[in-house]
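Participant: Sharing entry31.txt here; it has compact mmCIF, C-alpha atoms.
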# COMPACT_ATOMS: atom_id res chain seq x y z
CA MET J 490 -27.32 24.48 -15.48
CA LYS J 491 -24.66 26.73 -16.92
CA ILE J 492 -21.35 25.53 -18.37
CA THR J 493 -18.66 28.02 -19.38
CA PHE J 494 -15.33 27.34 -21.11
CA THR J 495 -12.32 29.67 -21.17
CA SER J 496 -11.26 27.89 -24.37
CA PRO J 497 -13.17 25.20 -26.25
CA PRO J 498 -12.31 21.69 -24.99
CA LYS J 499 -10.76 19.20 -27.40
CA ASN J 500 -12.15 16.01 -25.82
CA LEU J 501 -15.63 17.02 -24.59
CA ASP J 502 -18.82 18.47 -25.87
CA GLU J 503 -21.30 20.48 -23.82
CA ARG J 504 -24.12 17.97 -24.23
CA MET J 505 -21.98 15.21 -22.67
CA LEU J 506 -21.21 17.43 -19.67
CA TYR J 507 -24.90 18.17 -19.16
CA ASN J 508 -25.66 14.46 -19.19
CA ILE J 509 -22.89 13.71 -16.69
CA LEU J 510 -24.12 16.43 -14.34
CA LYS J 511 -27.68 15.16 -14.68
CA ASP J 512 -26.55 11.59 -13.90
CA TYR J 513 -24.95 12.83 -10.68
CA LYS J 514 -28.14 14.78 -9.84
CA MET J 515 -26.45 18.15 -10.13
CA LEU J 516 -29.19 20.20 -11.72
CA ASN J 517 -28.64 23.71 -10.38
CA VAL J 518 -24.93 24.32 -10.98
CA GLU J 519 -22.56 26.69 -12.71
CA VAL J 520 -19.45 25.05 -14.12
CA LEU J 521 -16.33 26.87 -15.32
CA ILE J 522 -13.80 24.78 -17.23
CA ARG J 523 -10.40 26.38 -17.72
CA ASP J 524 -8.52 23.41 -19.18
CA ASP J 525 -8.97 22.60 -22.87
CA ASN J 526 -7.43 19.10 -22.43
CA ILE J 527 -9.95 17.89 -19.84
CA THR J 528 -11.35 14.40 -20.36
CA VAL J 529 -14.60 12.82 -19.20
CA ASP J 530 -12.69 10.98 -16.47
CA ASP J 531 -11.12 14.24 -15.25
CA PHE J 532 -14.53 15.90 -15.12
CA ILE J 533 -16.07 13.04 -13.14
CA ASP J 534 -13.07 13.02 -10.77
CA VAL J 535 -13.71 16.66 -9.93
CA ILE J 536 -17.39 15.99 -9.33
CA MET J 537 -16.65 12.96 -7.15
CA ALA J 538 -13.64 14.46 -5.33
CA ASP J 539 -15.02 13.66 -1.86
CA HIS J 540 -16.11 10.15 -2.77
CA ARG J 541 -13.34 8.75 -4.93
CA THR J 542 -9.89 7.52 -4.05
CA TYR J 543 -7.41 5.71 -6.25
CA ILE J 544 -5.44 2.78 -4.93
CA PRO J 545 -1.95 1.84 -6.06
CA CYS J 546 -1.59 -0.73 -8.79
CA LEU J 547 1.20 -3.10 -9.74
CA TYR J 548 1.30 -4.57 -13.24
CA VAL J 549 2.91 -8.01 -13.36
CA TYR J 550 3.75 -9.35 -16.82
CA ASN J 551 4.42 -13.07 -17.16
CA LYS J 552 5.91 -15.04 -20.07
CA ILE J 553 8.79 -12.62 -20.63
CA ASP J 554 10.67 -15.51 -22.23
CA ALA J 555 8.32 -15.24 -25.22
CA VAL J 556 9.04 -11.60 -26.16
CA SER J 557 11.98 -9.78 -27.68
CA LEU J 558 14.64 -8.16 -25.49
CA SER J 559 13.84 -4.66 -26.77
CA PHE J 560 10.14 -5.06 -25.93
CA LEU J 561 11.04 -6.57 -22.54
CA ASP J 562 13.35 -3.63 -21.80
CA SER J 563 10.67 -1.05 -22.63
CA LEU J 564 8.07 -2.98 -20.61
CA ALA J 565 10.32 -3.29 -17.56
CA ARG J 566 10.92 0.47 -17.56
CA GLU J 567 7.23 1.28 -17.25
CA PRO J 568 6.20 2.65 -13.83
CA GLN J 569 4.53 0.25 -11.38
CA THR J 570 5.62 -2.73 -13.51
CA VAL J 571 7.38 -6.02 -12.77
CA VAL J 572 8.22 -8.67 -15.35
CA MET J 573 8.62 -12.40 -14.75
CA SER J 574 8.59 -15.87 -16.26
CA CYS J 575 7.10 -18.77 -14.33
CA GLU J 576 8.36 -21.29 -16.87
CA ASP J 577 12.01 -20.16 -16.65
CA ASP J 578 11.75 -19.19 -12.95
CA LEU J 579 12.82 -15.58 -13.68
CA GLY J 580 11.76 -12.52 -11.70
CA ILE J 581 9.49 -14.31 -9.23
CA ASP J 582 11.50 -13.06 -6.26
CA ASP J 583 11.30 -9.53 -7.71
CA VAL J 584 7.50 -9.79 -7.82
CA VAL J 585 7.33 -10.99 -4.20
CA GLU J 586 9.71 -8.27 -3.00
CA ARG J 587 7.83 -5.58 -4.91
CA CYS J 588 4.51 -6.76 -3.40
CA TRP J 589 5.97 -6.43 0.11
CA LYS J 590 7.18 -2.94 -0.74
CA GLU J 591 4.00 -1.71 -2.45
CA LEU J 592 1.69 -3.11 0.24
CA ARG J 593 3.97 -1.62 2.93
CA LEU J 594 4.10 -4.82 4.92
CA LEU J 595 6.66 -5.76 7.56
CA ARG J 596 7.79 -9.17 8.82
CA ILE J 597 8.17 -9.37 12.60
CA TYR J 598 9.67 -12.48 14.17
CA THR J 599 8.94 -13.58 17.72
CA LYS J 600 11.25 -14.96 20.36
CA ARG J 601 10.35 -16.78 23.56
CA LYS J 602 12.46 -16.14 26.63
CA GLY J 603 15.48 -18.48 26.62
CA ASP J 604 14.83 -19.72 23.04
CA ASP J 605 16.21 -18.72 19.66
CA PRO J 606 14.02 -16.54 17.40
CA ASP J 607 11.51 -18.39 15.23
CA PHE J 608 12.40 -17.34 11.66
CA SER J 609 10.13 -19.97 10.09
CA GLU J 610 6.95 -17.94 10.69
CA ALA J 611 6.60 -14.16 10.73
CA LEU J 612 3.86 -11.89 11.99
CA ILE J 613 2.74 -9.57 9.19
CA VAL J 614 2.05 -5.94 10.14
CA ARG J 615 1.78 -2.67 8.24
CA GLN J 616 4.53 -0.05 8.11
CA LYS J 617 4.61 2.24 11.15
CA ALA J 618 3.14 -0.58 13.27
CA THR J 619 3.89 -0.50 16.98
CA ILE J 620 4.51 -3.15 19.61
CA GLU J 621 0.81 -2.76 20.46
CA ASP J 622 -0.06 -3.89 16.92
CA VAL J 623 2.31 -6.85 17.30
CA CYS J 624 0.57 -7.78 20.58
CA ASP J 625 -2.79 -7.61 18.80
CA GLN J 626 -1.47 -9.97 16.11
CA ILE J 627 -0.46 -12.51 18.74
CA HIS J 628 -3.56 -12.23 20.96
CA ARG J 629 -5.94 -9.37 21.78
CA SER J 630 -5.63 -9.85 25.55
CA LEU J 631 -1.82 -9.71 25.53
CA LYS J 632 -1.89 -5.91 25.89
CA ASP J 633 -3.73 -6.26 29.22
CA THR J 634 -0.81 -8.13 30.83
CA PHE J 635 1.99 -6.39 28.89
CA LYS J 636 5.00 -5.21 30.92
CA TYR J 637 7.59 -4.49 28.22
CA ALA J 638 9.10 -5.91 25.05
CA LEU J 639 12.66 -6.64 24.02
CA VAL J 640 13.48 -5.75 20.41
CA TRP J 641 16.40 -6.82 18.23
CA GLY J 642 16.76 -5.30 14.78
CA ALA J 643 16.72 -2.06 12.82
CA SER J 644 14.25 -0.27 15.11
CA ALA J 645 16.33 -0.88 18.24
CA ARG J 646 18.94 1.70 19.29
CA HIS J 647 20.91 -1.00 21.11
CA VAL J 648 20.51 -4.77 21.19
CA PRO J 649 18.22 -5.77 22.83
CA GLN J 650 16.25 -2.62 23.53
CA ARG J 651 13.55 -2.61 26.20
CA VAL J 652 10.49 -0.82 24.76
CA GLY J 653 6.85 -0.05 25.48
CA LEU J 654 3.66 -0.42 23.47
CA ALA J 655 4.28 2.76 21.44
CA HIS J 656 7.62 1.60 19.96
CA VAL J 657 7.51 1.52 16.13
CA VAL J 658 8.91 -1.72 14.67
CA ALA J 659 10.93 -2.18 11.48
CA ASP J 660 11.01 -4.97 8.90
CA GLU J 661 12.48 -8.25 10.19
CA ASP J 662 12.71 -7.09 13.83
CA VAL J 663 12.76 -9.81 16.47
CA VAL J 664 10.38 -9.15 19.37
CA SER J 665 10.08 -10.81 22.75
CA ILE J 666 6.98 -9.80 24.74
CA ILE J 667 7.29 -9.85 28.52
CA SER J 668 3.99 -9.88 30.38
CA SER J 669 2.81 -10.26 33.94
CA PHE J 670 0.47 -13.08 34.81
CA LYS J 671 -2.89 -12.04 36.31
CA ALA J 672 -4.68 -14.75 38.25
Using the file provided, produce a representation of the structure as structure tokens.

Facilitator:
Amino acid sequence: MKITFTSPPKNLDERMLYNILKDYKMLNVEVLIRDDNITVDDFIDVIMADHRTYIPCLYVYNKIDAVSLSFLDSLAREPQTVVMSCEDDLGIDDVVERCWKELRLLRIYTKRKGDDPDFSEALIVRQKATIEDVCDQIHRSLKDTFKYALVWGASARHVPQRVGLAHVVADEDVVSIISSFKA
């Protein structure tokens, strides 16, 4: 094992790096570190580059009614942060809306032929979902008898638009699936 530094690191010592490499069973390696501000976490991230992914995080702070306005203002300005108060019923809708946004979820409403759309219950799909994904949400075999779909909403060029399985839906679209019956 050989570890070389272009400038001495501020946060690491060589012995710690040897131990980390040994823990990851990297015994015959040459390491060149060019950053003097590297941390242990940074070093491990480089070692585990193919095996590690970070997922988004949303920090939700409750009881904002119990803190000062200046602290609340600084907290609310932090990235990936939402503030709320269950007791005073403040910010709950913001938390729900932010969850929809961060999870990249869409609400798709269904409509039976001749009926009004059912806005009481939505199908939940991911962003960039297609009519095929909507069919899968309703029933796996629906694709087998699918003829076309009628779409009302932001993803339709005109109302209603007749589309196929590859059509990408938008949030709060209304979809009516037309299928042929196979006996």

Participant: Within 12 Å of Val535 of chain J, counting all atoms listed in the file, which residues show up once you throw out same-chain ones fewer than 3 positions away? Write them as a list in words, please.

Facilitator: Ile509, Leu510, Tyr513, Val520, Leu521, Ile522, Ile527, Thr528, Val529, Asp530, Asp531, Phe532, Ala538, Asp539, His540, Arg541 and Thr542 of chain J

Participant: Name all residues at most 10 Å from Asp577 of chain J (count all atoms listed in the file; drop same-chain ones fewer than 6 positions away) and give them as a list in words.

Facilitator: Lys552, Ile553 and Asp554 of chain J

Participant: Under the rule that all atoms listed in the file are counted, which of J:Met573, J:Val640, J:Gln650, J:Ala659 is the nearest residue to Ile613 of chain J?

Facilitator: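 Under the stated criterion, the closest residue is J:Ala659.
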
Participant: Neighbours of segment 555-564 of chain J within 12 Å (all atoms listed in the file; same-chain residues fewer than 4 positions away dropped), as a list in words?

Facilitator: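 Here the answer would be Tyr548, Val549, Tyr550, Asn551, Pro568, Gln569, Thr570, Val571, Val572, Met573, Ser574, Cys575, Glu576 and Asp577 of chain J.
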
Participant: Kindly indicate which residue among J:Pro649, J:Pro497, J:Gly580, J:Gly603 lies nearest to Val664 of chain J, using all atoms listed in the file for the distances.

Facilitator: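 Once distances to Val664 of chain J are computed over all atoms listed in the file, the minimum belongs to J:Pro649.
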
Participant: Just give me the gap between atom CA of Leu631 of chain J and atom CA of Trp589 of chain J in Å, one decimal is fine.

Facilitator: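 Spanning atom CA of Leu631 of chain J to atom CA of Trp589 of chain J is a straight-line distance of 26.8 Å.
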
Participant: Within 9 Å of Arg601 of chain J, counting all atoms listed in the file, which residues show up once you throw out same-chain ones fewer than 6 positions away? Write them as a VMD selection string, please.

Facilitator: chain J and resid 607 664 to 666

Participant: Take the residues from that selection and put them in a file with C-alpha atoms, as an mmCIF file, keeping the file's coordinate frame.

Facilitator:
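Saved the output as again_2.cif:
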data_model
loop_
_atom_site.group_PDB
_atom_site.id
_atom_site.type_symbol
_atom_site.label_atom_id
_atom_site.label_comp_id
_atom_site.auth_asym_id
_atom_site.auth_seq_id
_atom_site.Cartn_x
_atom_site.Cartn_y
_atom_site.Cartn_z
ATOM 1 C CA ASP J 607 11.510 -18.390 15.230
ATOM 2 C CA VAL J 664 10.380 -9.150 19.370
ATOM 3 C CA SER J 665 10.080 -10.810 22.750
ATOM 4 C CA ILE J 666 6.980 -9.800 24.740
#

Participant: One decimal, Å: what's the distance from atom CA of Tyr637 of chain J over to atom CA of Ile620 of chain J, could you say?

Facilitator: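 One can read the atom CA of Tyr637 of chain J to atom CA of Ile620 of chain J distance as 9.2 Å.
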
Participant: Find the distance between atom CA of Glu503 of chain J and atom CA of Glu519 of chain J and write it in Å to one decimal.

Facilitator: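 Straight-line distance from atom CA of Glu503 of chain J to atom CA of Glu519 of chain J works out to 12.8 Å.
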
Participant: Nearest to Val614 of chain J: which of J:Leu592, J:Leu547, J:Ile492, J:Met505 is it, counting all atoms listed in the file?

Facilitator: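 For Val614 of chain J, the nearest of the given residues is J:Leu592.
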
Participant: Just checking: using only C-alpha atoms, which residue out of J:Gln626, J:Asn517, J:Thr619, J:Ile544 ends up closest to Glu591 of chain J?

Facilitator: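 Checking each of J:Gln626, J:Asn517, J:Thr619, J:Ile544 against Glu591 of chain J, counting only C-alpha atoms, the winner is J:Ile544.
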
Participant: What's the 8 Å shell around Ala643 of chain J, counting all atoms listed in the file, without same-chain residues fewer than 6 positions away, as a list in words?

Facilitator: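 Near Ala643 of chain J, the qualifying residues are Ala659, Asp660, Glu661 and Asp662 of chain J.
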
Participant: From the options J:Val657, J:Val623, J:Ser669, J:Val652, which residue's atoms come nearest to Lys636 of chain J, counting all atoms listed in the file?

Facilitator: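 Counting all atoms listed in the file, the residue closest to Lys636 of chain J is J:Ser669.
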
Participant: Could you please fill out segment 535-570 of chain J with N, CA and C atoms and send it back as a PDB file, in the coordinates of the input?

Facilitator:
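Written out: result-v3.pdb:
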ATOM      1  N   VAL J 535     -13.462  15.408 -10.639  1.00  0.00           N
ATOM      2  CA  VAL J 535     -13.710  16.660  -9.930  1.00  0.00           C
ATOM      3  C   VAL J 535     -15.072  16.616  -9.243  1.00  0.00           C
ATOM      4  N   ILE J 536     -16.056  16.086  -9.914  1.00  0.00           N
ATOM      5  CA  ILE J 536     -17.390  15.990  -9.330  1.00  0.00           C
ATOM      6  C   ILE J 536     -17.383  15.074  -8.104  1.00  0.00           C
ATOM      7  N   MET J 537     -16.667  13.972  -8.207  1.00  0.00           N
ATOM      8  CA  MET J 537     -16.650  12.960  -7.150  1.00  0.00           C
ATOM      9  C   MET J 537     -15.458  13.107  -6.204  1.00  0.00           C
ATOM     10  N   ALA J 538     -14.878  14.273  -6.100  1.00  0.00           N
ATOM     11  CA  ALA J 538     -13.640  14.460  -5.330  1.00  0.00           C
ATOM     12  C   ALA J 538     -13.748  13.943  -3.895  1.00  0.00           C
ATOM     13  N   ASP J 539     -14.874  14.106  -3.252  1.00  0.00           N
ATOM     14  CA  ASP J 539     -15.020  13.660  -1.860  1.00  0.00           C
ATOM     15  C   ASP J 539     -15.306  12.172  -1.750  1.00  0.00           C
ATOM     16  N   HIS J 540     -15.656  11.534  -2.832  1.00  0.00           N
ATOM     17  CA  HIS J 540     -16.110  10.150  -2.770  1.00  0.00           C
ATOM     18  C   HIS J 540     -15.212   9.158  -3.499  1.00  0.00           C
ATOM     19  N   ARG J 541     -14.148   9.628  -4.105  1.00  0.00           N
ATOM     20  CA  ARG J 541     -13.340   8.750  -4.930  1.00  0.00           C
ATOM     21  C   ARG J 541     -11.891   8.786  -4.484  1.00  0.00           C
ATOM     22  N   THR J 542     -11.313   7.619  -4.319  1.00  0.00           N
ATOM     23  CA  THR J 542      -9.890   7.520  -4.050  1.00  0.00           C
ATOM     24  C   THR J 542      -9.311   6.452  -4.971  1.00  0.00           C
ATOM     25  N   TYR J 543      -8.082   6.662  -5.383  1.00  0.00           N
ATOM     26  CA  TYR J 543      -7.410   5.710  -6.250  1.00  0.00           C
ATOM     27  C   TYR J 543      -6.420   4.917  -5.416  1.00  0.00           C
ATOM     28  N   ILE J 544      -6.369   3.628  -5.649  1.00  0.00           N
ATOM     29  CA  ILE J 544      -5.440   2.780  -4.930  1.00  0.00           C
ATOM     30  C   ILE J 544      -4.262   2.442  -5.833  1.00  0.00           C
ATOM     31  N   PRO J 545      -3.110   2.191  -5.225  1.00  0.00           N
ATOM     32  CA  PRO J 545      -1.950   1.840  -6.060  1.00  0.00           C
ATOM     33  C   PRO J 545      -2.165   0.548  -6.833  1.00  0.00           C
ATOM     34  N   CYS J 546      -1.463   0.431  -7.927  1.00  0.00           N
ATOM     35  CA  CYS J 546      -1.590  -0.730  -8.790  1.00  0.00           C
ATOM     36  C   CYS J 546      -0.200  -1.221  -9.168  1.00  0.00           C
ATOM     37  N   LEU J 547      -0.061  -2.508  -9.301  1.00  0.00           N
ATOM     38  CA  LEU J 547       1.200  -3.100  -9.740  1.00  0.00           C
ATOM     39  C   LEU J 547       0.880  -4.025 -10.918  1.00  0.00           C
ATOM     40  N   TYR J 548       1.491  -3.747 -12.051  1.00  0.00           N
ATOM     41  CA  TYR J 548       1.300  -4.570 -13.240  1.00  0.00           C
ATOM     42  C   TYR J 548       2.382  -5.640 -13.270  1.00  0.00           C
ATOM     43  N   VAL J 549       1.968  -6.897 -13.306  1.00  0.00           N
ATOM     44  CA  VAL J 549       2.910  -8.010 -13.360  1.00  0.00           C
ATOM     45  C   VAL J 549       2.721  -8.703 -14.703  1.00  0.00           C
ATOM     46  N   TYR J 550       3.793  -8.724 -15.502  1.00  0.00           N
ATOM     47  CA  TYR J 550       3.750  -9.350 -16.820  1.00  0.00           C
ATOM     48  C   TYR J 550       4.515 -10.666 -16.762  1.00  0.00           C
ATOM     49  N   ASN J 551       3.834 -11.739 -17.134  1.00  0.00           N
ATOM     50  CA  ASN J 551       4.420 -13.070 -17.160  1.00  0.00           C
ATOM     51  C   ASN J 551       4.823 -13.407 -18.597  1.00  0.00           C
ATOM     52  N   LYS J 552       5.491 -14.516 -18.760  1.00  0.00           N
ATOM     53  CA  LYS J 552       5.910 -15.040 -20.070  1.00  0.00           C
ATOM     54  C   LYS J 552       6.885 -14.104 -20.772  1.00  0.00           C
ATOM     55  N   ILE J 553       7.814 -13.524 -20.020  1.00  0.00           N
ATOM     56  CA  ILE J 553       8.790 -12.620 -20.630  1.00  0.00           C
ATOM     57  C   ILE J 553       9.769 -13.374 -21.516  1.00  0.00           C
ATOM     58  N   ASP J 554       9.796 -14.706 -21.380  1.00  0.00           N
ATOM     59  CA  ASP J 554      10.670 -15.510 -22.230  1.00  0.00           C
ATOM     60  C   ASP J 554      10.154 -15.586 -23.665  1.00  0.00           C
ATOM     61  N   ALA J 555       8.922 -15.140 -23.897  1.00  0.00           N
ATOM     62  CA  ALA J 555       8.320 -15.240 -25.220  1.00  0.00           C
ATOM     63  C   ALA J 555       8.351 -13.922 -26.004  1.00  0.00           C
ATOM     64  N   VAL J 556       9.003 -12.889 -25.466  1.00  0.00           N
ATOM     65  CA  VAL J 556       9.040 -11.600 -26.160  1.00  0.00           C
ATOM     66  C   VAL J 556      10.484 -11.206 -26.455  1.00  0.00           C
ATOM     67  N   SER J 557      10.633 -10.223 -27.321  1.00  0.00           N
ATOM     68  CA  SER J 557      11.980  -9.780 -27.680  1.00  0.00           C
ATOM     69  C   SER J 557      12.606  -8.981 -26.537  1.00  0.00           C
ATOM     70  N   LEU J 558      13.929  -8.896 -26.542  1.00  0.00           N
ATOM     71  CA  LEU J 558      14.640  -8.160 -25.490  1.00  0.00           C
ATOM     72  C   LEU J 558      14.320  -6.669 -25.509  1.00  0.00           C
ATOM     73  N   SER J 559      14.152  -6.090 -26.695  1.00  0.00           N
ATOM     74  CA  SER J 559      13.840  -4.660 -26.770  1.00  0.00           C
ATOM     75  C   SER J 559      12.457  -4.369 -26.192  1.00  0.00           C
ATOM     76  N   PHE J 560      11.487  -5.242 -26.494  1.00  0.00           N
ATOM     77  CA  PHE J 560      10.140  -5.060 -25.930  1.00  0.00           C
ATOM     78  C   PHE J 560      10.171  -5.271 -24.419  1.00  0.00           C
ATOM     79  N   LEU J 561      10.913  -6.286 -23.976  1.00  0.00           N
ATOM     80  CA  LEU J 561      11.040  -6.570 -22.540  1.00  0.00           C
ATOM     81  C   LEU J 561      11.661  -5.379 -21.815  1.00  0.00           C
ATOM     82  N   ASP J 562      12.686  -4.784 -22.414  1.00  0.00           N
ATOM     83  CA  ASP J 562      13.350  -3.630 -21.800  1.00  0.00           C
ATOM     84  C   ASP J 562      12.392  -2.456 -21.667  1.00  0.00           C
ATOM     85  N   SER J 563      11.629  -2.178 -22.705  1.00  0.00           N
ATOM     86  CA  SER J 563      10.670  -1.050 -22.630  1.00  0.00           C
ATOM     87  C   SER J 563       9.558  -1.348 -21.629  1.00  0.00           C
ATOM     88  N   LEU J 564       9.122  -2.595 -21.550  1.00  0.00           N
ATOM     89  CA  LEU J 564       8.070  -2.980 -20.610  1.00  0.00           C
ATOM     90  C   LEU J 564       8.557  -2.873 -19.169  1.00  0.00           C
ATOM     91  N   ALA J 565       9.774  -3.314 -18.912  1.00  0.00           N
ATOM     92  CA  ALA J 565      10.320  -3.290 -17.560  1.00  0.00           C
ATOM     93  C   ALA J 565      10.553  -1.870 -17.057  1.00  0.00           C
ATOM     94  N   ARG J 566      10.683  -0.923 -17.954  1.00  0.00           N
ATOM     95  CA  ARG J 566      10.920   0.470 -17.560  1.00  0.00           C
ATOM     96  C   ARG J 566       9.635   1.243 -17.266  1.00  0.00           C
ATOM     97  N   GLU J 567       8.507   0.637 -17.542  1.00  0.00           N
ATOM     98  CA  GLU J 567       7.230   1.280 -17.250  1.00  0.00           C
ATOM     99  C   GLU J 567       7.051   1.427 -15.734  1.00  0.00           C
ATOM    100  N   PRO J 568       6.406   2.511 -15.272  1.00  0.00           N
ATOM    101  CA  PRO J 568       6.200   2.650 -13.830  1.00  0.00           C
ATOM    102  C   PRO J 568       5.217   1.603 -13.307  1.00  0.00           C
ATOM    103  N   GLN J 569       5.405   1.224 -12.064  1.00  0.00           N
ATOM    104  CA  GLN J 569       4.530   0.250 -11.380  1.00  0.00           C
ATOM    105  C   GLN J 569       4.474  -1.082 -12.124  1.00  0.00           C
ATOM    106  N   THR J 570       5.586  -1.519 -12.699  1.00  0.00           N
ATOM    107  CA  THR J 570       5.620  -2.730 -13.510  1.00  0.00           C
ATOM    108  C   THR J 570       6.719  -3.667 -13.054  1.00  0.00           C
TER     109      THR J 570
END
